[in-house]
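Structure first, then comments.
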Amino acid sequence: MKDKKIKKIIKKEEERQQDTIDLIASENYVSRDVREASASVFTNKYSEGYPGKRYYAGNSIVDELETLVQERALKLFGLRSHAWGANAQALSGAPANIWAYFALVPPGGKLMGQALDQGGHLTHGSPASHTSTLWRWAHYGVDAHTYRLDYDAIMRLAKKENPKVIVAGTSAYSRRIDFKRFRAIADAVGAYLLVDMSHIAGLVAGGAHPSPFPYADVVTTTTHKTLRGPRGALLFFKKELEKQINASVFPKGQGGPHQHQTAAIGVALYEAMQPSFRRYAKEIIKNADALSRALKNFGYTIITGGTDTHLFLIDISQTGVYGKEAQTLLERAGIIVNMNSIPFDSQKPFNPSGVRIGTPAVTTRGMKAKEMKIIAGFIHDVLQKKKKPDGVRKEVKKLCAKFPVSG
Ligand code: DSN
């Protein structure tokens, strides 16, 4: 690379990723093959339209690529092409959700989703998101005692609010989602069921979390979380919604798709079809369970008491350290987490009571239960034993050296 400045910055980021423990639940490391596809010549091509119907010439090979990726997306999740379709053009998760909403409910209409401060996502109608400007929202949350989804309460709310779309899916909820219950709720009020499976897509693909597809009308997902692909998104729809979803993505929502990312998504889907990916998905959950148990043994409060997935939330407020300080101290020790509101948080989002922890990235590096216990020890050293983060950092670096980031 002739640009020395950017080259140096990339090198520094490579070193940062190698030398730190990434516990951000939504991050992962892609393979070298995914990166190779992402850096391919497809970045040079405009391909507005869909396979066989493009606005520019020179797209026969792009057509081959996009068709293959659509087919793989369906195959990975066990879907038949007469019943389901897939769109690989949404640039990421937020636009994928917004294009899906536009396709299903006109602006001003009503949707229902999980509140952001109860484990949902910004694009599920948070007041901070355009989604709340464009549509009206009713929000469900978790039960005040169990911190788990209360499906009876969600049913009551749906009957009261009569939404046109019910959004199921979370970004900070550690328990399995019962998509069958959500289907029954949607049916009771004649709503579409949209599942945003961004966080759990890799778990679903690997058979480690129940699939939403038998129950949903539309499924959106990012491709870069547990699915271990490049940054991007997939949108799945029941065949009868094909026209409106595809038109909502292009031409109504976006222009030219990023086909280099489509190629990289294709590689990630191929990787997720391999038997080793099933082992990976199970190992992510085993690691999350091991890490949450180890932290619990040190006295930390794990929201809902544990996890069935790749992530969990810790309420650290009793320790006298809040989310922002914890995130900063841990980063100085080389442990990367994000502060997170916990349900019914008395603290504000910029310094919440919680920290969210996830294991997709450390699992990709090959770490197992033994390392999870060591990592829990590092976290405890920094947050409670008040060891100097710079000292812990040396230990962290040593551990990281044994588990190279290979992509
Ligand atoms: N930012 C992602 C997460 O961390 O969960 C969701 O978009």
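If you're wondering about the labels, chains in the structure tokens are A, B, ... by order shown, residues count from 1 in each chain, ligands from 1 in order shown.
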(request) Just list the residues in stretch 141-377 of chain A DSSP gives strand (DSSP E or B) on the backbone, as a ChimeraX atom specification. (result) /A:142,149,165-168,192-196,218-222,233-238,301-302,311-315,335-336,338-340,354-358
(request) Could you please extract the residues within 10 Å of ligand 1, counting only C-alpha atoms and all ligand atoms, and hand them back as a list in words? (result)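 Using only C-alpha atoms and all ligand atoms, everything at most 10 Å from ligand 1 comes to Ile24, Ala25, Ser26, Glu27, Ser92, Gly93, Ala94, Gly119, Gly120, His121, Leu122, Thr123, Thr170, Ser171, Ala172, Ser198, His199, Thr221, Thr222, His224, Lys225, Asn338, Asn340, Arg356 and Gly358 of chain A.
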(request) Considering only C-alpha atoms, state which residue in the set A:Ser31, A:Ser47, A:Gln17, A:Gln347 is at the smallest distance from A:Gly255. (result)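 Distance minimum relative to A:Gly255 lands on A:Ser47.
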(request) Using backbone DSSP assignments, extract all alpha helix (DSSP H) residues from stretch 86-283 of chain A; output them as a ChimeraX atom specification. (result) /A:93-104,130-134,151-161,179-189,201-205,242-247,259-272,275-283
Restrict the calculation to only C-alpha atoms, then for each residue of stretch 17-79 of chain A with any atom at most 9 Å from an atom of stretch 375-394 of chain A give the closest atom pair and their distance in Å to one decimal, rows by chain and rising residue number, as a tab-separated table.
residue	atom	partner	partner_atom	distance
A:Asp19	CA	A:Arg393	CA	8.9
A:Thr20	CA	A:Arg393	CA	8.4
A:Ile21	CA	A:Ile375	CA	8.5
Restricting the output to N, CA, C and O atoms, write the selected residues as a short mmCIF file (atom, residue, chain, number, x, y, z; two decimals), in the first residue's frame.
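The result, written out as part_36.cif:
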data_model
loop_
_atom_site.label_atom_id
_atom_site.label_comp_id
_atom_site.auth_asym_id
_atom_site.auth_seq_id
_atom_site.Cartn_x
_atom_site.Cartn_y
_atom_site.Cartn_z
N ASP A 19 -4.01 -8.09 20.39
CA ASP A 19 -3.54 -7.98 21.78
C ASP A 19 -4.64 -7.76 22.81
O ASP A 19 -4.36 -7.59 23.99
N THR A 20 -5.88 -7.69 22.35
CA THR A 20 -6.97 -7.45 23.31
C THR A 20 -7.99 -8.59 23.24
O THR A 20 -8.06 -9.33 22.25
N ILE A 21 -8.76 -8.71 24.32
CA ILE A 21 -9.81 -9.73 24.39
C ILE A 21 -11.13 -9.04 24.04
O ILE A 21 -11.57 -8.14 24.77
#
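Our summary of the geometry notes that atom CA of A:Arg183 is positioned 26.4 Å from atom CA of A:Thr133.
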(request) Find the spatial neighbours of A:Phe312, counting only C-alpha atoms, within a cut-off of 9 Å - ignore same-chain residues fewer than 3 positions away - and output them as a list in words. (result) Ala25, Ala172, Tyr173, Ser174, Arg175, Ala288, Asp289, Ser292, Ile302, Ile303, Thr304, Gly306, Thr307, Asp308, Thr309, Val355, Arg356, Ile357 and Gly358 of chain A
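As for atom CA of A:Gln244 and atom CA of A:Ala216, they are spaced 16.3 Å apart.
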(message) When you look at A:Gly207 with a cut-off of 10 Å (counting only C-alpha atoms), what residues show up, excluding the ones that are within fewer than 6 positions of it in the same chain? I need them as a ChimeraX atom specification.
(response) /A:77,201,277-279,281-282
Store the residues of this selection in a file with N, CA and C atoms, as a JSON list (two decimals), in the first residue's frame.
[["chain", "number", "residue", "atom", "x", "y", "z"],
["A", 77, "PHE", "N", -30.51, -21.69, 6.00],
["A", 77, "PHE", "CA", -31.56, -21.70, 7.03],
["A", 77, "PHE", "C", -32.69, -22.68, 6.68],
["A", 201, "ALA", "N", -28.11, -14.96, 14.58],
["A", 201, "ALA", "CA", -28.16, -15.63, 13.27],
["A", 201, "ALA", "C", -27.20, -16.81, 13.19],
["A", 277, "PHE", "N", -18.97, -25.29, 11.75],
["A", 277, "PHE", "CA", -19.71, -24.12, 12.23],
["A", 277, "PHE", "C", -20.73, -24.51, 13.29],
["A", 278, "ARG", "N", -21.27, -25.71, 13.17],
["A", 278, "ARG", "CA", -22.23, -26.17, 14.19],
["A", 278, "ARG", "C", -21.51, -26.29, 15.54],
["A", 279, "ARG", "N", -20.28, -26.81, 15.47],
["A", 279, "ARG", "CA", -19.50, -26.92, 16.72],
["A", 279, "ARG", "C", -19.19, -25.53, 17.26],
["A", 281, "ALA", "N", -20.94, -22.75, 16.90],
["A", 281, "ALA", "CA", -22.13, -22.12, 17.49],
["A", 281, "ALA", "C", -22.38, -22.65, 18.91],
["A", 282, "LYS", "N", -22.20, -23.96, 19.07],
["A", 282, "LYS", "CA", -22.41, -24.54, 20.41],
["A", 282, "LYS", "C", -21.34, -24.06, 21.38]]
(message) Excluding A:Val34 and its own-chain neighbours fewer than 2 positions away, which residues fall within 12 Å of it when counting only C-alpha atoms? Please give them as a PyMOL selection string.
(response) chain A and resi 29-32+36-40+223-224+227-231+260-272+406-407
Identify, on the basis of only C-alpha atoms, every residue whose closest approach to A:Ala247 does not exceed 12 Å; exclude the query and any residue fewer than 5 positions from it along the same chain; express the result as a short mmCIF file (atom, residue, chain, number, x, y, z; two decimals) with C-alpha atoms, in the first residue's frame.
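Result saved to selection_39.cif:
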data_model
loop_
_atom_site.label_atom_id
_atom_site.label_comp_id
_atom_site.auth_asym_id
_atom_site.auth_seq_id
_atom_site.Cartn_x
_atom_site.Cartn_y
_atom_site.Cartn_z
CA GLU A 48 -28.62 -1.18 -9.37
CA GLY A 49 -31.48 -3.60 -9.81
CA TYR A 50 -31.67 -7.34 -9.24
CA ASN A 87 -32.37 -10.10 -0.43
CA GLN A 89 -28.56 -5.78 -0.76
CA ALA A 90 -29.45 -3.97 2.47
CA TRP A 99 -36.78 -1.10 4.43
CA ALA A 100 -38.76 -4.00 5.89
CA PHE A 102 -41.64 0.54 4.86
CA ALA A 103 -42.67 -2.58 2.95
CA LEU A 104 -45.10 -3.76 5.62
CA LEU A 241 -44.00 -10.30 0.19
CA GLU A 242 -41.22 -10.50 -2.40
CA LYS A 252 -37.14 3.03 -2.85
CA GLY A 253 -34.45 2.78 -0.18
CA GLN A 254 -31.03 2.38 -1.69
CA GLY A 255 -29.00 2.82 -4.85
#
